[in-house]
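For reference, input-v1.csv is printed below; it contains CSV, C-alpha atoms.
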```csv
chain,number,residue,atom,x,y,z
A,238,MET,CA,12.4,16.3,-8.4
A,239,ARG,CA,11.6,12.9,-6.9
A,240,ALA,CA,9.0,12.4,-4.2
A,241,ASN,CA,10.0,12.5,-0.6
A,242,PHE,CA,8.7,9.3,0.9
A,243,ARG,CA,9.9,10.1,4.4
A,244,LEU,CA,6.9,12.4,5.0
A,245,GLN,CA,3.2,11.4,4.9
A,246,ARG,CA,1.5,12.6,1.7
A,247,LEU,CA,-2.2,13.6,1.7
A,248,PHE,CA,-4.5,14.4,-1.2
A,249,ILE,CA,-6.5,17.6,-0.4
A,250,ASP,CA,-9.4,18.8,-2.5
A,251,ALA,CA,-8.8,22.4,-1.9
A,252,PRO,CA,-6.5,25.2,-3.3
A,253,LEU,CA,-2.9,25.1,-2.1
A,254,GLN,CA,-0.7,28.2,-1.6
A,255,ALA,CA,1.6,29.5,1.1
A,256,GLY,CA,-0.4,30.0,4.3
A,257,ALA,CA,-3.4,28.1,3.1
A,258,ALA,CA,-5.2,26.4,6.1
A,259,ILE,CA,-7.1,23.3,5.3
A,260,ALA,CA,-9.2,21.4,7.9
A,261,ALA,CA,-8.5,17.6,7.8
A,262,ASP,CA,-11.6,15.6,7.1
A,263,PRO,CA,-12.7,12.9,9.6
A,264,ASP,CA,-10.8,10.1,8.0
A,265,GLN,CA,-7.6,12.2,7.7
A,266,PHE,CA,-8.0,13.3,11.3
A,267,ASN,CA,-8.3,9.7,12.5
A,268,TYR,CA,-5.3,8.6,10.4
A,269,LEU,CA,-3.1,11.5,11.5
A,270,ALA,CA,-4.1,11.7,15.1
A,271,ASN,CA,-4.9,8.1,16.1
A,272,VAL,CA,-3.0,5.9,13.7
A,273,LEU,CA,0.2,8.0,13.1
A,274,ARG,CA,-0.2,9.8,16.5
A,275,MET,CA,1.1,13.1,15.0
A,276,GLU,CA,1.6,16.0,17.3
A,277,ASP,CA,1.2,19.7,16.8
A,278,GLY,CA,3.9,21.0,14.4
A,279,ALA,CA,4.5,17.7,12.6
A,280,GLU,CA,5.2,17.9,8.9
A,281,VAL,CA,3.2,16.4,6.0
A,282,LEU,CA,3.1,16.9,2.3
A,283,LEU,CA,-0.1,18.0,0.6
A,284,PHE,CA,-1.2,17.9,-3.1
A,285,ASN,CA,-4.4,18.4,-5.0
A,286,GLY,CA,-3.5,17.5,-8.5
A,287,ARG,CA,-3.5,21.2,-9.6
A,288,ASP,CA,-1.1,23.3,-7.4
A,289,GLY,CA,1.9,21.1,-6.9
A,290,GLU,CA,3.1,19.5,-3.7
A,291,TRP,CA,3.4,21.6,-0.5
A,292,LEU,CA,5.1,21.1,2.8
A,293,ALA,CA,2.6,21.7,5.6
A,294,HIS,CA,2.4,21.7,9.4
A,295,VAL,CA,-0.1,19.8,11.4
A,296,THR,CA,-1.9,22.0,13.9
A,297,PHE,CA,-4.5,21.1,16.6
A,298,PRO,CA,-6.8,24.2,17.2
A,299,THR,CA,-8.9,21.8,19.3
A,300,ARG,CA,-8.5,18.2,20.5
A,301,LYS,CA,-11.0,17.1,17.8
A,302,LYS,CA,-9.8,19.1,14.9
A,303,ILE,CA,-6.7,19.2,12.8
A,304,VAL,CA,-5.8,22.1,10.5
A,305,LEU,CA,-3.0,21.6,7.9
A,306,VAL,CA,-1.1,24.8,7.1
A,307,ALA,CA,0.8,24.9,3.8
A,308,GLN,CA,4.3,26.4,4.2
A,309,GLU,CA,6.3,26.0,1.0
A,310,LEU,CA,6.1,24.5,-2.5
A,311,THR,CA,8.3,21.3,-2.6
A,312,ARG,CA,7.5,20.2,-6.2
A,313,ALA,CA,5.9,22.1,-9.0
A,314,GLN,CA,2.8,20.7,-10.6
A,315,THR,CA,3.5,18.2,-13.4
A,316,PRO,CA,1.4,17.7,-16.5
A,317,MET,CA,-1.1,14.9,-16.6
A,318,PRO,CA,0.3,11.7,-18.2
A,319,ASP,CA,-1.0,11.3,-21.7
A,320,LEU,CA,-1.9,7.6,-21.5
A,321,HIS,CA,-5.7,7.0,-21.5
A,322,TYR,CA,-6.7,3.7,-19.9
A,323,LEU,CA,-10.0,2.0,-20.6
A,324,PHE,CA,-11.0,-1.0,-18.6
A,325,ALA,CA,-14.0,-3.3,-18.1
A,326,PRO,CA,-15.0,-3.5,-14.4
A,327,LEU,CA,-13.7,-6.6,-12.6
A,328,LYS,CA,-14.7,-8.2,-9.3
A,329,VAL,CA,-14.2,-5.8,-6.4
A,330,GLY,CA,-10.8,-6.9,-5.1
A,331,ARG,CA,-9.2,-7.3,-8.5
A,332,MET,CA,-10.6,-4.0,-9.7
A,333,ASP,CA,-9.2,-2.1,-6.6
A,334,TYR,CA,-5.8,-3.6,-7.4
A,335,MET,CA,-6.1,-2.7,-11.1
A,336,VAL,CA,-7.1,0.9,-10.5
A,337,GLN,CA,-4.2,1.3,-8.0
A,338,LYS,CA,-1.7,-0.1,-10.5
A,339,ALA,CA,-3.0,2.1,-13.3
A,340,VAL,CA,-2.2,5.1,-11.2
A,341,GLU,CA,1.3,3.8,-10.4
A,342,MET,CA,1.9,3.0,-14.1
A,343,GLY,CA,1.0,6.6,-15.2
A,344,ALA,CA,-2.5,6.6,-16.5
A,345,GLY,CA,-3.8,10.1,-17.0
A,346,VAL,CA,-7.4,9.3,-17.9
A,347,MET,CA,-9.2,6.2,-16.6
A,348,GLN,CA,-12.5,5.2,-18.3
A,349,PRO,CA,-14.6,2.2,-17.2
A,350,VAL,CA,-16.3,0.6,-20.1
A,351,MET,CA,-19.2,-1.9,-20.0
A,352,THR,CA,-18.7,-4.8,-22.4
A,353,GLN,CA,-20.9,-7.7,-23.3
A,354,HIS,CA,-19.1,-10.3,-21.2
A,355,VAL,CA,-18.3,-8.0,-18.2
A,356,GLN,CA,-18.5,-9.9,-14.9
A,357,GLY,CA,-17.8,-7.1,-12.4
A,358,LYS,CA,-19.8,-4.0,-11.7
A,359,ILE,CA,-19.1,-0.6,-10.2
A,360,THR,CA,-21.2,-0.2,-7.1
A,361,SER,CA,-19.4,3.0,-5.9
A,362,MET,CA,-17.5,5.5,-7.9
A,363,GLU,CA,-16.5,7.1,-4.6
A,364,ARG,CA,-14.7,3.8,-3.7
A,365,LEU,CA,-12.8,3.9,-7.0
A,366,ARG,CA,-11.9,7.6,-6.6
A,367,ALA,CA,-10.7,6.8,-3.1
A,368,ASN,CA,-8.4,4.1,-4.5
A,369,VAL,CA,-7.1,6.5,-7.1
A,370,THR,CA,-6.2,9.2,-4.5
A,371,GLU,CA,-4.8,6.6,-2.1
A,372,ALA,CA,-2.5,5.2,-4.8
A,373,ALA,CA,-1.4,8.7,-5.7
A,374,GLU,CA,-0.6,9.4,-2.1
A,375,GLN,CA,1.5,6.3,-1.8
A,376,CYS,CA,3.4,6.3,-5.1
A,377,GLY,CA,4.4,9.9,-5.0
A,378,VAL,CA,2.6,11.2,-8.1
A,379,ILE,CA,1.3,14.8,-8.2
A,380,SER,CA,-1.1,14.6,-11.1
A,381,VAL,CA,-4.1,12.7,-10.1
A,382,PRO,CA,-5.8,10.7,-13.0
A,383,ASP,CA,-9.2,11.8,-14.3
A,384,LEU,CA,-11.5,9.0,-13.4
A,385,ARG,CA,-14.6,9.1,-15.6
A,386,ASP,CA,-18.0,7.7,-15.2
A,387,PRO,CA,-18.7,4.3,-16.8
A,388,LYS,CA,-19.9,4.1,-20.4
A,389,LYS,CA,-20.9,1.3,-22.8
A,390,LEU,CA,-18.0,0.3,-25.0
A,391,ARG,CA,-20.0,1.0,-28.1
A,392,ASP,CA,-20.8,4.5,-27.0
A,393,VAL,CA,-17.1,5.2,-26.2
A,394,LEU,CA,-16.1,4.0,-29.7
A,395,ASP,CA,-18.8,5.9,-31.5
A,396,HIS,CA,-17.6,9.2,-30.0
A,397,TRP,CA,-13.9,8.4,-30.1
A,398,ASP,CA,-11.3,11.1,-31.2
A,399,PRO,CA,-9.6,9.4,-34.1
A,400,THR,CA,-6.4,11.4,-33.5
A,401,ARG,CA,-5.7,9.2,-30.5
A,402,HIS,CA,-4.9,5.6,-31.4
A,403,LEU,CA,-6.6,2.8,-29.3
A,404,LEU,CA,-4.7,-0.3,-28.5
A,405,PHE,CA,-6.7,-3.3,-27.3
A,406,CYS,CA,-5.3,-6.5,-25.9
A,407,ASP,CA,-6.5,-9.4,-28.0
A,408,GLU,CA,-5.7,-13.0,-27.0
A,409,GLY,CA,-6.7,-14.0,-30.6
A,410,ALA,CA,-3.8,-12.1,-32.2
A,411,GLU,CA,-1.8,-14.0,-34.8
A,412,THR,CA,1.5,-13.3,-33.2
A,413,ASN,CA,2.8,-13.3,-29.6
A,414,ASN,CA,5.0,-10.2,-30.1
A,415,PRO,CA,3.4,-6.8,-29.5
A,416,LEU,CA,6.6,-4.7,-30.2
A,417,PRO,CA,6.2,-4.3,-34.0
A,418,ALA,CA,2.6,-2.9,-33.6
A,419,LEU,CA,3.8,-0.5,-30.9
A,420,GLN,CA,6.8,0.7,-32.8
A,421,ALA,CA,4.5,1.7,-35.7
A,422,LEU,CA,2.7,4.1,-33.4
A,423,LYS,CA,5.8,6.0,-32.2
A,424,GLY,CA,5.0,9.7,-31.6
A,425,GLN,CA,1.2,9.2,-31.5
A,426,PRO,CA,-1.1,9.7,-28.6
A,427,VAL,CA,-2.5,6.4,-27.5
A,428,ALA,CA,-5.1,4.8,-25.3
A,429,LEU,CA,-5.2,1.2,-23.9
A,430,LEU,CA,-8.3,-1.0,-23.7
A,431,ILE,CA,-8.3,-4.0,-21.4
A,432,GLY,CA,-11.3,-6.3,-21.6
A,433,PRO,CA,-13.3,-8.2,-19.0
A,434,GLU,CA,-12.4,-11.4,-17.2
A,435,GLY,CA,-14.6,-13.2,-19.8
A,436,GLY,CA,-12.8,-11.6,-22.7
A,437,PHE,CA,-14.3,-9.6,-25.5
A,438,SER,CA,-17.2,-11.0,-27.5
A,439,GLU,CA,-16.6,-12.0,-31.1
A,440,GLU,CA,-18.9,-9.1,-32.1
A,441,GLU,CA,-16.8,-6.7,-30.1
A,442,ARG,CA,-13.6,-8.0,-31.5
A,443,GLN,CA,-14.8,-7.7,-35.0
A,444,HIS,CA,-16.1,-4.2,-34.4
A,445,LEU,CA,-12.8,-3.1,-32.8
A,446,ARG,CA,-10.7,-4.6,-35.6
A,447,SER,CA,-12.9,-2.8,-38.2
A,448,LEU,CA,-12.0,0.7,-36.9
A,449,ALA,CA,-9.0,2.5,-38.4
A,450,PHE,CA,-7.9,4.1,-35.1
A,451,VAL,CA,-7.7,0.7,-33.4
A,452,THR,CA,-4.8,-1.8,-33.2
A,453,ALA,CA,-4.9,-5.2,-31.6
A,454,ILE,CA,-1.9,-6.3,-29.7
A,455,PRO,CA,-1.0,-9.6,-28.1
A,456,LEU,CA,0.6,-10.0,-24.6
A,457,GLY,CA,2.7,-13.1,-25.2
A,458,PRO,CA,1.9,-16.8,-25.5
A,459,ARG,CA,0.0,-17.1,-22.2
A,460,ILE,CA,-3.5,-16.0,-21.4
A,461,LEU,CA,-3.3,-13.4,-18.6
A,462,ARG,CA,-5.9,-12.5,-16.0
A,463,ALA,CA,-7.4,-9.1,-16.7
A,464,ASP,CA,-5.7,-7.4,-13.8
A,465,THR,CA,-2.3,-8.9,-14.8
A,466,ALA,CA,-2.8,-8.0,-18.4
A,467,ALA,CA,-3.5,-4.4,-17.4
A,468,VAL,CA,-0.1,-4.1,-15.7
A,469,ALA,CA,1.8,-5.9,-18.4
A,470,ALA,CA,0.2,-3.8,-21.2
A,471,MET,CA,0.7,-0.5,-19.5
A,472,ALA,CA,4.4,-1.4,-18.9
A,473,LEU,CA,4.8,-2.2,-22.6
A,474,VAL,CA,3.0,1.0,-23.7
A,475,GLN,CA,4.9,3.3,-21.3
A,476,ALA,CA,8.3,1.7,-22.3
A,477,MET,CA,7.6,2.0,-26.0
A,478,LEU,CA,5.4,5.0,-26.4
A,479,GLY,CA,5.0,6.8,-23.1
A,480,ASP,CA,7.0,8.6,-20.5
A,481,TRP,CA,9.5,5.8,-19.9
A,482,ASP,CA,11.0,6.3,-23.4
```
structure tokens encoding of this file:
Amino acid sequence: MRANFRLQRLFIDAPLQAGAAIAADPDQFNYLANVLRMEDGAEVLLFNGRDGEWLAHVTFPTRKKIVLVAQELTRAQTPMPDLHYLFAPLKVGRMDYMVQKAVEMGAGVMQPVMTQHVQGKITSMERLRANVTEAAEQCGVISVPDLRDPKKLRDVLDHWDPTRHLLFCDEGAETNNPLPALQALKGQPVALLIGPEGGFSEEERQHLRSLAFVTAIPLGPRILRADTAAVAAMALVQAMLGDWD
């Protein structure tokens, strides 16, 4: 069943079932009461990434408090998308955009990785998580991606599960066409690695290319910004190997 975009959707970090009453946090209260000017009895949709999506009613037990009361299940919980997305942090504005687009494109796991030429930094995981949940609210997904703590690229590779193939976007590839490499991975679980704005170091490229579970793919004849490359690569992977197929 497709998402209902006529009603406001809210991510709630609490169990959801018929009759569950959840107090809105201060930001949600401000948005519902002061921005949307909702009144007692208004309808919203709630999801927590575990219990599906629920129709709920807005109630005002006091002037300064909103309680959301779940009424009925509107969409059953969907499984987490199987695409793992690894990315080097970008500058704040571009990273916010990239994280939001990764949610929209169906990333199930999101892993920040620190590379040798990384130019951005993560100053707040809470900010990133807020971007993830906001994107999920806006694009209608029920399964919220697992955003993991940053790790060094080398550490991630050293502890990699070799049953999941890792694709990395390499501007130094000998061809401009990524399709043959992707077609060879049909039916396999995959992860996608996008490098920093400064690109991978030669040491990192050589290390990646030496690993049996890694495949380098190009993204056409033009050099793309990291945030643009992320969207282009995820679209290719989802179309060829993911849940668009």
Please build the interface table for range 282-388 of chain A against range 267-272 of chain A with a cut-off of 10 Å, listing for each qualifying residue the nearest atom pair and the distance in Å to one decimal; count only C-alpha atoms, order rows by chain and increasing number, and write it as CSV.
```
residue,atom,partner,partner_atom,distance
A:Val295,CA,A:Leu269,CA,8.8
A:Phe297,CA,A:Ala270,CA,9.5
A:Arg300,CA,A:Ala270,CA,9.5
A:Lys301,CA,A:Ala270,CA,9.2
A:Lys302,CA,A:Ala270,CA,9.3
A:Ile303,CA,A:Ala270,CA,8.3
```
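Counting only C-alpha atoms and comparing A:Ala325, A:Leu478, A:Val281, A:Ala339, the residue that lies closest to Lys358 in chain A is A:Ala325.
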Discussion item. What does the structure give for the distance between CA of Thr352 in chain A and CA of Leu473 in chain A, in Å to one decimal?
Written reply: 23.6 Å
Can you list every residue of range 370-425 of chain A that has an atom at most 6 Å from range 455-459 of chain A, with its nearest atom pair and the distance in Å to one decimal, using only C-alpha atoms, ordered by chain then number, as a Markdown table?
```
| residue | atom | partner | partner_atom | distance |
| --- | --- | --- | --- | --- |
| A:Cys406 | CA | A:Pro455 | CA | 5.7 |
| A:Asp407 | CA | A:Pro455 | CA | 5.5 |
| A:Glu408 | CA | A:Pro455 | CA | 5.9 |
| A:Ala410 | CA | A:Pro455 | CA | 5.6 |
| A:Asn413 | CA | A:Gly457 | CA | 4.4 |
| A:Pro415 | CA | A:Pro455 | CA | 5.4 |
```
Discussion item. If we count all atoms listed in the file and set the cut-off at 12 Å, which residues sit around Gly436 in chain A, ignoring sequence neighbours fewer than 6 positions away in its own chain? Please answer as a ChimeraX atom specification.
Written reply: /A:324-327,351-356,405-409,430,442,460-463,466
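Counting from CA of Ala258 in chain A, the distance to CA of Ala307 in chain A is 6.6 Å.
When CA of Val329 in chain A is paired with CA of Gly357 in chain A, their separation reads 7.1 Å.
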Up to 8 Å from (-1.6, 6.1, -11.6) in the file's coordinates: name the residues, counting all atoms listed in the file, as a JSON list (two decimals) with C-alpha atoms, in the frame of the given file.
```json
[["chain", "number", "residue", "atom", "x", "y", "z"],
["A", 336, "VAL", "CA", -7.10, 0.90, -10.50],
["A", 337, "GLN", "CA", -4.20, 1.30, -8.00],
["A", 338, "LYS", "CA", -1.70, -0.10, -10.50],
["A", 339, "ALA", "CA", -3.00, 2.10, -13.30],
["A", 340, "VAL", "CA", -2.20, 5.10, -11.20],
["A", 341, "GLU", "CA", 1.30, 3.80, -10.40],
["A", 342, "MET", "CA", 1.90, 3.00, -14.10],
["A", 343, "GLY", "CA", 1.00, 6.60, -15.20],
["A", 344, "ALA", "CA", -2.50, 6.60, -16.50],
["A", 345, "GLY", "CA", -3.80, 10.10, -17.00],
["A", 369, "VAL", "CA", -7.10, 6.50, -7.10],
["A", 372, "ALA", "CA", -2.50, 5.20, -4.80],
["A", 373, "ALA", "CA", -1.40, 8.70, -5.70],
["A", 378, "VAL", "CA", 2.60, 11.20, -8.10],
["A", 381, "VAL", "CA", -4.10, 12.70, -10.10],
["A", 382, "PRO", "CA", -5.80, 10.70, -13.00]]
```
Fill in: Shell of 12 Å around range 449-453 of chain A, only C-alpha atoms, local chain residues under 2 positions omitted, as a PyMOL selection string
chain A and resi 394-395+397-422+425-432+442-447+455-456+470
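Shortest atom-to-atom contact with Glu280 in chain A among A:Lys423, A:Arg385, A:Arg312, A:Arg243: A:Arg243, counting only C-alpha atoms.
When all atoms listed in the file are used to measure the gap to Phe266 in chain A, the shortest distance among A:Val304, A:Ala293, A:Val393, A:Ile249 belongs to A:Val304.
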